[in-house]
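Data file: data.tsv. Format and content: TSV, C-alpha atoms.
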chain	number	residue	atom	x	y	z
G	1	MET	CA	-124.42	68.93	140.10
G	2	GLY	CA	-126.42	66.53	142.27
G	3	ILE	CA	-126.15	65.95	146.00
G	4	PHE	CA	-124.05	62.80	145.59
G	5	GLU	CA	-121.55	64.58	143.33
G	6	LYS	CA	-121.26	67.44	145.84
G	7	MET	CA	-120.74	65.00	148.69
G	8	PHE	CA	-118.07	63.20	146.68
G	9	PHE	CA	-116.09	66.40	146.16
G	10	VAL	CA	-116.50	67.35	149.83
G	11	PHE	CA	-115.19	64.00	151.04
G	12	SER	CA	-112.37	64.09	148.49
G	13	PHE	CA	-111.39	67.56	149.68
G	14	LEU	CA	-111.43	66.42	153.32
G	15	THR	CA	-109.28	63.41	152.41
G	16	LEU	CA	-106.63	65.53	150.71
G	17	TYR	CA	-106.79	68.46	153.11
G	18	PRO	CA	-104.33	67.36	155.85
G	19	TYR	CA	-101.72	66.14	153.35
G	20	PHE	CA	-101.78	68.76	150.60
G	21	ILE	CA	-104.02	71.74	151.34
G	22	TYR	CA	-103.07	72.29	154.99
G	23	PRO	CA	-99.30	72.36	154.24
G	24	LEU	CA	-99.92	74.99	151.55
G	25	ILE	CA	-101.94	77.11	153.97
G	26	LEU	CA	-99.12	76.81	156.53
G	27	PHE	CA	-96.54	77.79	153.93
G	28	PHE	CA	-98.31	81.06	153.09
G	29	LEU	CA	-99.14	81.82	156.73
G	30	SER	CA	-95.50	81.31	157.70
G	31	ILE	CA	-94.48	83.99	155.19
G	32	PHE	CA	-96.77	86.68	156.60
G	33	PHE	CA	-96.97	85.69	160.28
G	34	LYS	CA	-93.49	84.43	161.05
G	35	LYS	CA	-92.39	84.44	164.70
G	36	LYS	CA	-88.71	84.13	165.58
G	37	GLU	CA	-87.19	82.51	168.64
G	38	ARG	CA	-84.47	84.05	170.79
G	39	LYS	CA	-82.03	81.17	171.21
G	40	SER	CA	-78.92	81.32	173.34
G	41	TYR	CA	-76.33	78.54	173.57
G	42	SER	CA	-74.85	80.23	176.63
G	43	PHE	CA	-78.10	79.53	178.48
G	44	GLU	CA	-77.21	76.41	180.48
G	45	PRO	CA	-79.48	75.95	183.49
G	46	GLU	CA	-79.61	72.78	185.53
G	47	ILE	CA	-81.89	70.24	183.83
G	48	THR	CA	-83.70	67.04	184.75
G	49	ILE	CA	-84.04	64.16	182.31
G	50	LEU	CA	-87.13	62.15	183.20
G	51	ILE	CA	-87.22	58.52	182.03
G	52	PRO	CA	-90.20	56.23	182.78
G	53	LEU	CA	-89.42	52.62	181.86
G	54	HIS	CA	-90.53	49.02	182.09
G	55	ASN	CA	-88.14	46.08	181.57
G	56	GLU	CA	-85.38	48.08	179.87
G	57	GLU	CA	-82.22	46.52	181.37
G	58	ASP	CA	-80.34	46.54	178.06
G	59	ASN	CA	-81.25	50.10	177.13
G	60	ILE	CA	-80.29	51.88	180.34
G	61	PRO	CA	-76.44	51.87	180.05
G	62	PRO	CA	-76.27	53.11	176.42
G	63	LEU	CA	-78.89	55.77	177.13
G	64	ILE	CA	-76.95	57.08	180.13
G	65	LYS	CA	-73.76	57.06	178.06
G	66	SER	CA	-75.36	59.10	175.28
G	67	ILE	CA	-76.58	61.63	177.87
G	68	PHE	CA	-73.22	62.14	179.54
G	69	ASP	CA	-71.38	62.10	176.22
G	70	SER	CA	-73.28	65.24	175.23
G	71	ASN	CA	-71.69	68.70	175.18
G	72	TYR	CA	-74.01	69.91	177.96
G	73	PRO	CA	-72.29	70.51	181.35
G	74	LYS	CA	-72.40	67.16	183.14
G	75	GLU	CA	-72.68	68.75	186.58
G	76	LYS	CA	-75.95	70.36	185.48
G	77	ILE	CA	-77.58	67.12	184.33
G	78	ASN	CA	-79.92	65.23	186.65
G	79	ILE	CA	-81.46	61.93	185.57
G	80	LEU	CA	-84.65	60.66	187.17
G	81	PHE	CA	-85.84	57.12	186.36
G	82	GLY	CA	-89.19	55.56	187.23
G	83	SER	CA	-89.32	51.77	186.99
G	84	ASP	CA	-92.89	50.67	186.30
G	85	GLY	CA	-93.14	47.19	187.79
G	86	SER	CA	-90.06	45.92	185.96
G	87	THR	CA	-89.56	42.15	186.23
G	88	ASP	CA	-86.14	41.83	184.58
G	89	ASN	CA	-82.82	43.26	185.85
G	90	THR	CA	-83.87	46.88	185.27
G	91	ASN	CA	-83.93	47.77	188.97
G	92	ALA	CA	-80.51	46.23	189.58
G	93	VAL	CA	-79.07	48.11	186.61
G	94	LEU	CA	-80.52	51.36	187.96
G	95	GLU	CA	-78.90	50.76	191.35
G	96	LYS	CA	-75.54	50.02	189.73
G	97	SER	CA	-75.83	53.14	187.54
G	98	ARG	CA	-76.57	55.31	190.56
G	99	GLU	CA	-73.37	54.07	192.22
G	100	LYS	CA	-71.42	55.23	189.18
G	101	TYR	CA	-73.26	58.52	188.62
G	102	PRO	CA	-74.31	60.44	191.76
G	103	ASN	CA	-76.71	62.66	189.80
G	104	ILE	CA	-78.97	59.69	188.98
G	105	GLU	CA	-82.09	59.03	191.06
G	106	TYR	CA	-84.82	56.46	190.58
G	107	LEU	CA	-88.12	55.19	191.94
G	108	ILE	CA	-89.08	51.52	192.02
G	109	LEU	CA	-92.84	51.38	191.54
G	110	PRO	CA	-95.46	48.63	191.13
G	111	ARG	CA	-97.02	48.20	187.69
G	112	MET	CA	-99.24	51.24	187.18
G	113	GLY	CA	-98.75	52.57	183.64
G	114	LYS	CA	-96.62	55.35	182.20
G	115	SER	CA	-98.92	58.22	183.15
G	116	GLU	CA	-98.95	57.27	186.82
G	117	VAL	CA	-95.18	56.81	186.82
G	118	ILE	CA	-94.78	60.34	185.48
G	119	ASN	CA	-97.15	61.66	188.15
G	120	HIS	CA	-94.98	60.06	190.84
G	121	LEU	CA	-91.81	61.57	189.37
G	122	LEU	CA	-93.04	65.14	188.83
G	123	PRO	CA	-92.90	66.20	192.53
G	124	LEU	CA	-89.23	65.17	192.65
G	125	ILE	CA	-88.17	67.60	189.91
G	126	GLU	CA	-86.42	70.73	191.15
G	127	THR	CA	-85.08	72.18	187.90
G	128	GLU	CA	-86.63	74.69	185.54
G	129	ILE	CA	-86.29	72.50	182.44
G	130	VAL	CA	-87.51	68.88	182.16
G	131	ILE	CA	-86.57	66.63	179.25
G	132	PHE	CA	-88.72	63.54	178.71
G	133	VAL	CA	-86.76	60.68	177.15
G	134	ASP	CA	-87.73	57.07	176.37
G	135	ALA	CA	-85.28	54.36	177.37
G	136	ASP	CA	-84.63	53.25	173.79
G	137	VAL	CA	-83.56	56.75	172.66
G	138	ARG	CA	-79.93	57.74	172.07
G	139	LEU	CA	-79.10	61.45	172.09
G	140	ALA	CA	-76.71	63.11	169.67
G	141	LYS	CA	-73.87	65.12	171.19
G	142	GLN	CA	-75.51	68.52	170.62
G	143	THR	CA	-79.12	67.55	171.39
G	144	LEU	CA	-79.42	68.73	175.00
G	145	LYS	CA	-77.70	72.06	174.36
G	146	GLU	CA	-79.78	72.59	171.23
G	147	MET	CA	-83.07	71.97	173.02
G	148	VAL	CA	-82.26	74.01	176.11
G	149	SER	CA	-81.07	77.00	174.07
G	150	TYR	CA	-84.65	77.77	173.02
G	151	PHE	CA	-85.81	78.24	176.61
G	152	ARG	CA	-83.91	81.52	176.79
G	153	ASP	CA	-87.02	82.87	175.10
G	154	PRO	CA	-89.77	83.20	177.77
G	155	GLU	CA	-92.47	82.53	175.16
G	156	ILE	CA	-91.13	79.03	174.55
G	157	GLY	CA	-92.87	76.42	176.69
G	158	GLY	CA	-91.64	73.26	174.98
G	159	VAL	CA	-89.10	71.99	172.46
G	160	ILE	CA	-89.51	68.90	170.28
G	161	SER	CA	-86.52	66.89	169.10
G	162	ASN	CA	-85.89	65.61	165.59
G	163	LEU	CA	-86.54	61.90	166.08
G	164	ILE	CA	-84.75	59.56	163.69
G	165	VAL	CA	-85.99	55.99	163.65
G	166	THR	CA	-83.15	53.51	163.29
G	167	LYS	CA	-83.34	49.87	162.34
G	168	ASP	CA	-81.21	46.87	163.26
G	169	LYS	CA	-78.77	49.14	165.14
G	170	LYS	CA	-77.90	51.04	161.94
G	171	ASP	CA	-78.45	54.74	161.35
G	172	ASP	CA	-80.72	54.21	158.37
G	173	ILE	CA	-84.32	55.30	158.73
G	174	ASN	CA	-86.95	52.59	158.61
G	175	PRO	CA	-88.48	52.72	155.07
G	176	GLU	CA	-92.05	52.55	156.41
G	177	GLU	CA	-91.52	55.77	158.34
G	178	ARG	CA	-89.08	57.68	156.14
G	179	HIS	CA	-91.66	59.64	154.17
G	180	THR	CA	-94.03	60.20	157.08
G	181	GLN	CA	-91.20	61.55	159.24
G	182	ARG	CA	-90.15	63.96	156.49
G	183	PHE	CA	-93.75	65.10	156.06
G	184	PHE	CA	-94.32	65.57	159.79
G	185	ASN	CA	-91.05	67.47	160.15
G	186	LEU	CA	-92.13	69.83	157.40
G	187	ILE	CA	-95.43	70.44	159.18
G	188	ARG	CA	-93.66	70.89	162.53
G	189	LYS	CA	-91.28	73.41	161.01
G	190	LEU	CA	-94.04	75.48	159.37
G	191	GLU	CA	-96.29	75.41	162.43
G	192	SER	CA	-93.35	76.44	164.63
G	193	LYS	CA	-92.73	79.47	162.44
G	194	ILE	CA	-96.32	80.64	162.91
G	195	PHE	CA	-96.62	79.83	166.62
G	196	GLY	CA	-95.99	76.21	167.62
G	197	THR	CA	-96.59	72.60	166.65
G	198	PHE	CA	-99.03	70.07	168.05
G	199	ASN	CA	-97.10	67.12	166.63
G	200	ASN	CA	-94.88	66.01	169.48
G	201	ASN	CA	-92.04	63.50	169.31
G	202	GLY	CA	-92.95	61.64	172.47
G	203	PRO	CA	-89.63	59.75	172.85
G	204	CYS	CA	-87.68	63.01	173.38
G	205	TYR	CA	-88.98	66.50	174.15
G	206	ALA	CA	-88.36	69.29	176.66
G	207	VAL	CA	-90.83	71.30	178.77
G	208	ARG	CA	-90.77	74.08	181.36
G	209	ARG	CA	-91.47	72.50	184.73
G	210	GLU	CA	-93.94	75.24	185.72
G	211	LEU	CA	-96.17	74.33	182.78
G	212	LEU	CA	-96.47	70.63	183.61
G	213	GLN	CA	-99.61	69.34	185.26
G	214	LYS	CA	-100.56	65.97	186.63
G	215	ILE	CA	-101.60	63.51	183.93
G	216	PRO	CA	-105.37	63.24	184.54
G	217	ASN	CA	-105.82	59.51	183.86
G	218	LYS	CA	-104.34	56.39	182.28
G	219	LYS	CA	-106.24	56.89	179.04
G	220	VAL	CA	-104.47	59.95	177.64
G	221	CYS	CA	-101.30	59.94	175.58
G	222	ASP	CA	-99.05	61.66	178.12
G	223	ASP	CA	-96.80	63.54	175.68
G	224	PHE	CA	-99.74	64.82	173.64
G	225	PHE	CA	-101.53	65.88	176.83
G	226	ASN	CA	-98.44	67.89	177.84
G	227	VAL	CA	-98.43	69.59	174.43
G	228	LEU	CA	-102.11	70.50	174.66
G	229	ASN	CA	-101.64	71.78	178.18
G	230	ILE	CA	-98.72	74.01	177.16
G	231	PHE	CA	-100.73	75.49	174.30
G	232	GLN	CA	-103.63	76.08	176.65
G	233	GLN	CA	-101.28	78.23	178.74
G	234	ARG	CA	-100.46	80.26	175.60
G	235	LYS	CA	-96.84	79.11	175.33
G	236	ARG	CA	-95.08	78.03	172.15
G	237	ILE	CA	-93.77	74.55	171.33
G	238	ILE	CA	-90.92	74.59	168.83
G	239	PHE	CA	-89.49	71.90	166.58
G	240	ALA	CA	-85.69	71.81	166.90
G	241	LYS	CA	-84.35	70.31	163.67
G	242	ASN	CA	-80.78	69.97	164.95
G	243	ALA	CA	-81.75	68.31	168.23
G	244	LEU	CA	-81.29	64.74	166.98
G	245	ALA	CA	-82.68	61.81	168.96
G	246	TYR	CA	-82.22	58.28	167.66
G	247	ASP	CA	-84.92	55.70	168.35
G	248	SER	CA	-82.88	52.50	168.58
G	249	ARG	CA	-85.67	49.97	168.90
G	250	PRO	CA	-85.96	47.84	165.72
G	251	ARG	CA	-88.98	48.80	163.63
G	252	ASN	CA	-88.57	46.22	160.88
G	253	ASN	CA	-91.76	44.46	162.00
G	254	ILE	CA	-94.43	46.25	160.00
G	255	LEU	CA	-97.17	44.42	161.93
G	256	SER	CA	-96.52	46.69	164.92
G	257	GLU	CA	-97.95	49.58	162.87
G	258	TYR	CA	-101.46	48.49	163.84
G	259	GLN	CA	-100.75	48.74	167.59
G	260	ARG	CA	-98.85	52.00	167.09
G	261	LYS	CA	-101.74	53.70	165.29
G	262	LYS	CA	-104.25	52.30	167.76
G	263	ARG	CA	-102.31	53.63	170.73
G	264	PHE	CA	-101.65	57.04	169.20
G	265	SER	CA	-105.22	57.67	168.02
G	266	ALA	CA	-106.83	56.35	171.22
G	267	GLY	CA	-104.44	58.22	173.51
G	268	GLY	CA	-104.56	61.36	171.38
G	269	LEU	CA	-108.34	61.48	171.31
G	270	SER	CA	-108.47	60.86	175.07
G	271	ALA	CA	-106.03	63.75	175.58
G	272	ILE	CA	-108.24	66.07	173.53
G	273	PHE	CA	-111.23	65.07	175.69
G	274	ALA	CA	-109.16	66.02	178.76
G	275	VAL	CA	-108.14	69.47	177.42
G	276	ARG	CA	-111.27	70.58	175.60
G	277	LYS	CA	-110.75	74.27	176.36
G	278	ILE	CA	-107.98	74.31	173.75
G	279	PHE	CA	-110.70	74.84	171.14
G	280	LEU	CA	-111.55	78.25	172.60
G	281	HIS	CA	-108.45	79.66	170.88
G	282	PRO	CA	-109.09	79.93	167.10
G	283	LEU	CA	-105.47	79.42	165.98
G	284	PHE	CA	-104.93	76.43	168.25
G	285	ALA	CA	-108.24	74.90	167.17
G	286	PHE	CA	-107.20	75.34	163.53
G	287	PHE	CA	-103.83	73.65	164.08
G	288	LEU	CA	-105.33	70.83	166.12
G	289	PHE	CA	-108.14	70.06	163.72
G	290	SER	CA	-105.96	70.30	160.63
G	291	HIS	CA	-102.90	68.45	161.90
G	292	LYS	CA	-104.49	65.77	164.08
G	293	VAL	CA	-108.24	65.34	163.81
G	294	MET	CA	-108.53	65.69	160.04
G	295	ARG	CA	-105.58	63.36	159.48
G	296	TRP	CA	-107.10	60.75	161.79
G	297	LEU	CA	-110.42	60.98	159.91
G	298	SER	CA	-108.96	61.12	156.38
G	299	PRO	CA	-109.22	57.31	155.82
G	300	VAL	CA	-112.93	57.47	156.67
G	301	PHE	CA	-113.44	60.38	154.26
G	302	ALA	CA	-111.52	58.48	151.56
G	303	ILE	CA	-113.70	55.39	151.96
G	304	LEU	CA	-116.89	57.49	151.80
G	305	ALA	CA	-115.65	59.29	148.68
G	306	LEU	CA	-114.82	55.96	147.04
G	307	ILE	CA	-118.28	54.57	147.84
G	308	LEU	CA	-119.99	57.63	146.36
G	309	LEU	CA	-117.80	57.43	143.26
G	310	PHE	CA	-118.70	53.77	142.87
G	311	ILE	CA	-122.43	54.40	143.24
G	312	ASN	CA	-122.53	57.28	140.70
G	313	SER	CA	-120.19	55.93	138.02
G	314	ASP	CA	-120.84	53.97	134.86
G	315	ASN	CA	-120.16	50.25	134.70
G	316	PHE	CA	-116.58	50.61	133.44
G	317	ILE	CA	-115.56	52.82	136.38
G	318	LYS	CA	-117.39	50.53	138.81
G	319	ILE	CA	-115.52	47.51	137.49
G	320	PHE	CA	-112.22	49.38	137.68
G	321	ILE	CA	-112.85	50.51	141.27
G	322	PHE	CA	-114.01	47.04	142.32
G	323	TRP	CA	-111.01	45.17	140.95
G	324	SER	CA	-108.58	47.86	142.12
G	325	ALA	CA	-109.93	47.44	145.64
G	326	ILE	CA	-109.72	43.64	145.38
G	327	LEU	CA	-106.11	43.80	144.16
G	328	PHE	CA	-105.20	46.27	146.90
G	329	LEU	CA	-106.65	43.98	149.57
G	330	LEU	CA	-105.03	40.89	148.03
G	331	PHE	CA	-101.62	42.58	147.89
G	332	GLY	CA	-102.02	43.61	151.51
G	333	LEU	CA	-103.02	40.05	152.44
G	334	VAL	CA	-99.98	38.63	150.68
G	335	GLY	CA	-97.80	41.11	152.56
G	336	LEU	CA	-99.46	40.12	155.84
G	337	ILE	CA	-98.85	36.41	155.24
G	338	LYS	CA	-95.21	37.01	154.36
G	339	GLU	CA	-94.62	39.19	157.40
G	340	MET	CA	-96.35	36.73	159.73
G	341	LYS	CA	-94.00	34.04	158.45
G	342	GLY	CA	-91.04	36.23	159.32
G	343	LYS	CA	-90.25	37.11	155.71
G	344	ARG	CA	-89.83	40.70	154.57
G	345	ALA	CA	-92.35	41.41	151.80
G	346	SER	CA	-91.46	43.53	148.79
G	347	LYS	CA	-92.70	47.12	148.55
G	348	ILE	CA	-95.59	46.21	146.26
G	349	PHE	CA	-97.05	44.18	149.13
G	350	ARG	CA	-95.74	46.15	152.11
G	351	ILE	CA	-97.22	49.50	151.07
G	352	PRO	CA	-100.84	48.22	150.86
G	353	LEU	CA	-100.29	46.33	154.12
G	354	PHE	CA	-98.87	49.42	155.81
G	355	ILE	CA	-101.87	51.51	154.71
G	356	LEU	CA	-104.39	48.87	155.78
G	357	LEU	CA	-102.77	48.44	159.18
G	358	SER	CA	-102.64	52.22	159.70
G	359	VAL	CA	-106.32	52.66	158.82
G	360	ALA	CA	-107.41	49.67	160.92
G	361	GLY	CA	-105.31	50.83	163.87
G	362	THR	CA	-106.67	54.39	163.73
G	363	ILE	CA	-110.29	53.24	163.59
G	364	SER	CA	-109.68	50.71	166.35
G	365	GLY	CA	-108.08	53.46	168.44
G	366	PHE	CA	-111.14	55.69	168.04
G	367	ILE	CA	-113.40	52.87	169.18
G	368	ARG	CA	-111.04	52.17	172.07
G	369	ALA	CA	-111.11	55.83	173.16
G	370	PHE	CA	-114.90	56.14	173.00
G	371	LEU	CA	-115.31	52.90	174.96
G	372	GLY	CA	-112.84	54.12	177.59
G	373	LYS	CA	-110.48	51.15	177.21
G	374	GLN	CA	-107.30	53.09	176.46
G	375	ASN	CA	-104.45	52.82	178.98
G	376	SER	CA	-100.84	53.96	179.20
G	377	SER	CA	-99.04	50.69	179.91
G	378	TRP	CA	-96.40	49.32	177.59
G	379	THR	CA	-94.23	46.21	177.20
G	380	LEU	CA	-91.14	45.22	175.27
G	381	ASN	CA	-93.09	42.95	172.91
G	382	GLY	CA	-93.26	45.91	170.55
G	383	LEU	CA	-92.94	49.57	171.46
G	384	GLU	CA	-96.65	50.28	171.25
G	385	GLU	CA	-98.24	47.02	172.34
G	386	GLN	CA	-101.33	47.50	174.47
G	387	ASN	CA	-101.25	45.98	177.93
G	388	GLU	CA	-104.54	45.43	179.69
G	389	ALA	CA	-102.97	44.52	183.03
G	390	THR	CA	-103.67	47.88	184.63
G	391	ASN	CA	-107.33	48.12	183.61

In structure tokens, what does this structure look like?
Amino acid sequence: MGIFEKMFFVFSFLTLYPYFIYPLILFFLSIFFKKKERKSYSFEPEITILIPLHNEEDNIPPLIKSIFDSNYPKEKINILFGSDGSTDNTNAVLEKSREKYPNIEYLILPRMGKSEVINHLLPLIETEIVIFVDADVRLAKQTLKEMVSYFRDPEIGGVISNLIVTKDKKDDINPEERHTQRFFNLIRKLESKIFGTFNNNGPCYAVRRELLQKIPNKKVCDDFFNVLNIFQQRKRIIFAKNALAYDSRPRNNILSEYQRKKRFSAGGLSAIFAVRKIFLHPLFAFFLFSHKVMRWLSPVFAILALILLFINSDNFIKIFIFWSAILFLLFGLVGLIKEMKGKRASKIFRIPLFILLSVAGTISGFIRAFLGKQNSSWTLNGLEEQNEATN
């Protein structure tokens, strides 16, 4: 076997590793190295729900309602909002909400980005447990009690909710994210059995206040930084399957996938740069590389494997690869044109488009992180749209 053939198999292995091989490794490890959690539903300490937001006037009332409709003791719930330079009626809605609910507090801040808003809110927290929630999230009745119950175990440093992406105000999961959510939940569950998961659900997760540190800069993905920091302090982060959190923002615009991947990969890589000591622990380094880094790099490995296959194949295979790639790109282009015109493309066009946008967004995010252009601002023109105003 020549060097090109060996390189092809290596790149193919690296492409498949995070999606097929790593889950199998986790499955067998979870059998032999399973760690249990000591939950207690009678454990009901006072909690603080921390909500940074920007121009969310319509989302505030239903979010507050979902919080106080929960089965957690209302007198033990504190809500802390941070308005990041909001220009709509967000601040007025916050003031009105505080008049109705005395356990609501808020800060009105100039535009500074999510990370800085969180840094301003952290000193105001006086409770042991902090639950980070995005404004467009709606909590199920049992979610708060379910998440808090894990903190009875002193080894637990964080709890991740089971995020369900809704569309058009219905409880059906967006088709572009259905399979990825199921896959990630499987990984979260297996990793949690062994020790803990690196794959956070940023819109809703809980953390011990003593483990939180100031977000170091505007470049890091704040929720991923918190996860890395908790692991670095040797505490577990558990996926709570029954802690349901519904993301109510419409995700039927597939074009936002590019910005989403760009933000996640850029912010995630910046967070890893900020918490490099995590690699000193072999198990954490294994989880982080396998779950995050290898998955981010898998499109690059796939492209390299395809190029090597093309170079070392006979003419028939070369022609097949060439026209398959052309058709894939054309189908994605057709899907892009339809979506840009406001028409929902069929699956045969949406799937190639979704893959192309994901790959392009991830690569763009890497470039963004290495150039130092990542920031933590957000707008309502899409959940993950980049905003350069704070640079």

Can you tell me how far atom CA of G:Val359 sits from atom CA of G:Lys261, in Å to one decimal? 8.0 Å

Using only C-alpha atoms, I'd like a table of the residues in stretch 143-260 of chain G that come within 10 Å of stretch 13-31 of chain G; for each, show the closest atom pair and its distance in Å rounded to one decimal, ordered by chain and ascending number, as JSON lines.
{"residue": "G:Phe183", "atom": "CA", "partner": "G:Tyr19", "partner_atom": "CA", "distance": 8.5}
{"residue": "G:Phe184", "atom": "CA", "partner": "G:Tyr19", "partner_atom": "CA", "distance": 9.8}
{"residue": "G:Leu186", "atom": "CA", "partner": "G:Pro23", "partner_atom": "CA", "distance": 8.2}
{"residue": "G:Ile187", "atom": "CA", "partner": "G:Pro23", "partner_atom": "CA", "distance": 6.6}
{"residue": "G:Lys189", "atom": "CA", "partner": "G:Ser30", "partner_atom": "CA", "distance": 9.5}
{"residue": "G:Leu190", "atom": "CA", "partner": "G:Leu26", "partner_atom": "CA", "distance": 6.0}
{"residue": "G:Glu191", "atom": "CA", "partner": "G:Leu26", "partner_atom": "CA", "distance": 6.7}
{"residue": "G:Ser192", "atom": "CA", "partner": "G:Ser30", "partner_atom": "CA", "distance": 8.7}
{"residue": "G:Lys193", "atom": "CA", "partner": "G:Ser30", "partner_atom": "CA", "distance": 5.8}
{"residue": "G:Ile194", "atom": "CA", "partner": "G:Ser30", "partner_atom": "CA", "distance": 5.3}
{"residue": "G:Phe195", "atom": "CA", "partner": "G:Ser30", "partner_atom": "CA", "distance": 9.1}

What does the distance between atom CA of G:Ile51 and atom CA of G:Ala135 come to in Å, to one decimal place?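 Calculated distance between atom CA of G:Ile51 and atom CA of G:Ala135 is 6.5 Å.
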
Contact residues around stretch 69-79 of chain G with only C-alpha atoms at 6 Å, ignoring same-chain residues under 2 positions, as a PyMOL selection string: chain G and resi 46-49+65-67+103-104+141-142+145

Keeping only C-alpha atoms, write the selected residues as a PDB file, in the coordinates of the input.
ATOM      1  CA  GLU G  46     -79.610  72.780 185.530  1.00  0.00           C
ATOM      2  CA  ILE G  47     -81.890  70.240 183.830  1.00  0.00           C
ATOM      3  CA  THR G  48     -83.700  67.040 184.750  1.00  0.00           C
ATOM      4  CA  ILE G  49     -84.040  64.160 182.310  1.00  0.00           C
ATOM      5  CA  LYS G  65     -73.760  57.060 178.060  1.00  0.00           C
ATOM      6  CA  SER G  66     -75.360  59.100 175.280  1.00  0.00           C
ATOM      7  CA  ILE G  67     -76.580  61.630 177.870  1.00  0.00           C
ATOM      8  CA  ASN G 103     -76.710  62.660 189.800  1.00  0.00           C
ATOM      9  CA  ILE G 104     -78.970  59.690 188.980  1.00  0.00           C
ATOM     10  CA  LYS G 141     -73.870  65.120 171.190  1.00  0.00           C
ATOM     11  CA  GLN G 142     -75.510  68.520 170.620  1.00  0.00           C
ATOM     12  CA  LYS G 145     -77.700  72.060 174.360  1.00  0.00           C
TER      13      LYS G 145
END

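Atom pair atom CA of G:Lys341 / atom CA of G:Phe354: separated by 16.3 Å.
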
Contact table stretch 112-182 of chain G vs stretch 243-248 of chain G, cut-off 6 Å, shortest pair per residue, only C-alpha atoms, as JSON lines:
{"residue": "G:Asp136", "atom": "CA", "partner": "G:Ser248", "partner_atom": "CA", "distance": 5.5}
{"residue": "G:Val137", "atom": "CA", "partner": "G:Asp247", "partner_atom": "CA", "distance": 4.6}
{"residue": "G:Arg138", "atom": "CA", "partner": "G:Tyr246", "partner_atom": "CA", "distance": 5.0}
{"residue": "G:Leu139", "atom": "CA", "partner": "G:Ala245", "partner_atom": "CA", "distance": 4.8}
{"residue": "G:Ala140", "atom": "CA", "partner": "G:Leu244", "partner_atom": "CA", "distance": 5.6}
{"residue": "G:Thr143", "atom": "CA", "partner": "G:Ala243", "partner_atom": "CA", "distance": 4.2}
{"residue": "G:Glu146", "atom": "CA", "partner": "G:Ala243", "partner_atom": "CA", "distance": 5.6}
{"residue": "G:Ser161", "atom": "CA", "partner": "G:Ala243", "partner_atom": "CA", "distance": 5.1}
{"residue": "G:Asn162", "atom": "CA", "partner": "G:Leu244", "partner_atom": "CA", "distance": 4.9}
{"residue": "G:Leu163", "atom": "CA", "partner": "G:Ala245", "partner_atom": "CA", "distance": 4.8}
{"residue": "G:Ile164", "atom": "CA", "partner": "G:Tyr246", "partner_atom": "CA", "distance": 4.9}
{"residue": "G:Val165", "atom": "CA", "partner": "G:Asp247", "partner_atom": "CA", "distance": 4.8}
{"residue": "G:Thr166", "atom": "CA", "partner": "G:Ser248", "partner_atom": "CA", "distance": 5.4}

Could you write out the selected residues, including C-alpha atoms, as a PDB file, in the frame of the given file?
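The resulting part39.pdb:
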ATOM      1  CA  ASP G 136     -84.630  53.250 173.790  1.00  0.00           C
ATOM      2  CA  VAL G 137     -83.560  56.750 172.660  1.00  0.00           C
ATOM      3  CA  ARG G 138     -79.930  57.740 172.070  1.00  0.00           C
ATOM      4  CA  LEU G 139     -79.100  61.450 172.090  1.00  0.00           C
ATOM      5  CA  ALA G 140     -76.710  63.110 169.670  1.00  0.00           C
ATOM      6  CA  THR G 143     -79.120  67.550 171.390  1.00  0.00           C
ATOM      7  CA  GLU G 146     -79.780  72.590 171.230  1.00  0.00           C
ATOM      8  CA  SER G 161     -86.520  66.890 169.100  1.00  0.00           C
ATOM      9  CA  ASN G 162     -85.890  65.610 165.590  1.00  0.00           C
ATOM     10  CA  LEU G 163     -86.540  61.900 166.080  1.00  0.00           C
ATOM     11  CA  ILE G 164     -84.750  59.560 163.690  1.00  0.00           C
ATOM     12  CA  VAL G 165     -85.990  55.990 163.650  1.00  0.00           C
ATOM     13  CA  THR G 166     -83.150  53.510 163.290  1.00  0.00           C
TER      14      THR G 166
END

Quick one: residues within 10 Å of G:Gln213, only C-alpha atoms counted, chain neighbours fewer than 3 positions away excluded, as a PyMOL selection string? chain G and resi 119+122+209-210+216+225-226+229-230

Shell around G:Val334 at 9 Å using all atoms listed in the file, local window under 3 positions removed, as a ChimeraX atom specification: /G:329-331,337-339,345,349-350,353
